[in-house]
Amino acid sequence: MPIVSRGFRGRRRDDGESGRVPPGQYTVDDFPVLSAGPTPHTPLDQWTFTVEGEVAEPKQWSWEEFQALPSETITKDIHCVTKWSKLDTTWEGVSVDVLLEEVEHDAAYVTAFCDGGYTTNLPLEDVTDGKAWVAFGYDGEPLEPEHGGPARLLVPHLYFWKSAKWVRGLRLMSEDEPGFWESLGYHMYGDPWREQRYWGD
Amino acid sequence: MARAAVLGRLIWRVAEVAALVPETARVRSLVLDLEEWPGHRAGQHVDVRLTAEDGYQAQRSYSIASPAEDERVTLTVERLEDGEVSPYLVDEVVVGDHFELRGPIGGHFVWETGIGGPLLLVAGGSGIVPLMAIVRHRPPLEARCRCGSSIPPARSKT
């Protein structure tokens, strides 16, 4: 039974947001930037995206090849574990389904790996069937480096640390393995609707 | 030992406000009594949960300003003018009030004397708070601290 904080009234959400904001979250109009380290700046002519790990043959795309893949415009609500949610964000990116079509595999999990060494782990079924993208555009513009450009993973149904910035590839695996924050106290899965913020949630 | 502080489920604890320290015109430190605080490492943060009389709740994360060796946990909070939680913590809370808190959270941006030095700590605005926990921890051989602020401090504490 939560205790009442004397004199706290809070700010109720308007009707337009009800049902769209997970428990413990509040909405923002700006786009906060939180990173565990410095922002990498990989030149596009050196950028590649790789699908590797437990695959028959790894697959790699150059930036140019990646841009030639079929992309889509996605509008989704996003939820950061630090409590902010941002509604109706619009991205352009390539569905992870398109990328995984190119490899033969029997994996159940993926680890996204990034410039700067960041990693995050996800069940394969959370990045397939139209649930995840590698996004390179935001709000009609190229994705800015501070928000993960040139490309970041976009998995909007999970807390946003799973949407790894500066992503450079996916490692397919048969076993789940904790990534960067998942090794440092944060939840292995990270469903905002079940408030899976930290270990044990 | 310190690692154990982040293991297991983080439960909500009741914090009682033991003291209030004004830092600047819009920044205040809240010194909190907590039952069975598991301890923390300098640089970690907590989640604060406020509950209104009708059950409405709001959660925010705040950095811990006190060093690991303090028995009480101190949060230093800056009031955001359009904020929902920070104006309450900076302007309304009085000694003896209660709210809920869980933590410590975050195992990445931490420092302990064993990690060694020298340290260069750079912060902007309220980003100084986790660095204060580091500086207040047993001082390293050498630590330099630089903090930028858009407002002059009303009363400098450091």
# chains A, B, ... in the order shown; residues from 1 in each chain; ligands from 1

$ interface_residues --of "chain A" --to "chain B" --cutoff "12 Å" --atoms "only C-alpha atoms" --output "PyMOL selection string"
chain A and resi 1-13+22-29+35-37+80-84+180-187+195-201

$ closest_residue --among "A:Tyr189, A:Phe66, A:Trp161, A:Trp166" --to "Gly117 (chain A)" --atoms "only C-alpha atoms"
A:Trp166

$ select_by_dssp --residues "region 29-142 of chain A" --states "alpha helix (DSSP H)" --output "ChimeraX atom specification"
/A:63-67,96-100

$ write_last_selection --atoms "C-alpha atoms" --output "CSV table (one decimal), in the first residue's frame"
chain,number,residue,atom,x,y,z
A,63,TRP,CA,26.0,2.3,-46.1
A,64,GLU,CA,25.2,2.5,-49.8
A,65,GLU,CA,23.9,-1.0,-49.9
A,66,PHE,CA,21.9,-0.4,-46.8
A,67,GLN,CA,20.2,2.7,-48.2
A,96,VAL,CA,14.9,-6.2,-39.2
A,97,ASP,CA,12.8,-8.7,-41.1
A,98,VAL,CA,14.4,-7.5,-44.3
A,99,LEU,CA,17.9,-8.0,-42.8
A,100,LEU,CA,17.2,-11.5,-41.4

$ residues_around --residues "Ala19 (chain B)" --least-positions-apart "4" --cutoff "9 Å" --atoms "only C-alpha atoms" --output "number ranges by chain"
B: 29-32, 94-96

$ write_last_selection --atoms "N, CA and C atoms" --output "JSON list (two decimals), in the first residue's frame"
[["chain", "number", "residue", "atom", "x", "y", "z"],
["B", 29, "SER", "N", 18.74, 20.30, -1.12],
["B", 29, "SER", "CA", 19.12, 18.94, -0.76],
["B", 29, "SER", "C", 18.14, 18.41, 0.27],
["B", 30, "LEU", "N", 17.75, 17.15, 0.08],
["B", 30, "LEU", "CA", 16.86, 16.47, 1.01],
["B", 30, "LEU", "C", 17.64, 15.35, 1.66],
["B", 31, "VAL", "N", 17.80, 15.44, 2.98],
["B", 31, "VAL", "CA", 18.52, 14.41, 3.73],
["B", 31, "VAL", "C", 17.46, 13.44, 4.24],
["B", 32, "LEU", "N", 17.62, 12.15, 3.90],
["B", 32, "LEU", "CA", 16.55, 11.18, 4.12],
["B", 32, "LEU", "C", 16.96, 10.07, 5.07],
["B", 94, "VAL", "N", 8.47, 19.31, 3.78],
["B", 94, "VAL", "CA", 9.01, 19.79, 5.05],
["B", 94, "VAL", "C", 9.60, 18.61, 5.82],
["B", 95, "VAL", "N", 10.43, 18.91, 6.79],
["B", 95, "VAL", "CA", 11.04, 17.86, 7.61],
["B", 95, "VAL", "C", 9.93, 17.02, 8.26],
["B", 96, "GLY", "N", 10.09, 15.70, 8.19],
["B", 96, "GLY", "CA", 9.09, 14.80, 8.74],
["B", 96, "GLY", "C", 8.17, 14.22, 7.68]]

$ closest_residue --among "A:Trp61, A:Phe160, A:Phe136, A:Tyr109" --to "Leu34 (chain A)" --atoms "only C-alpha atoms"
A:Phe160
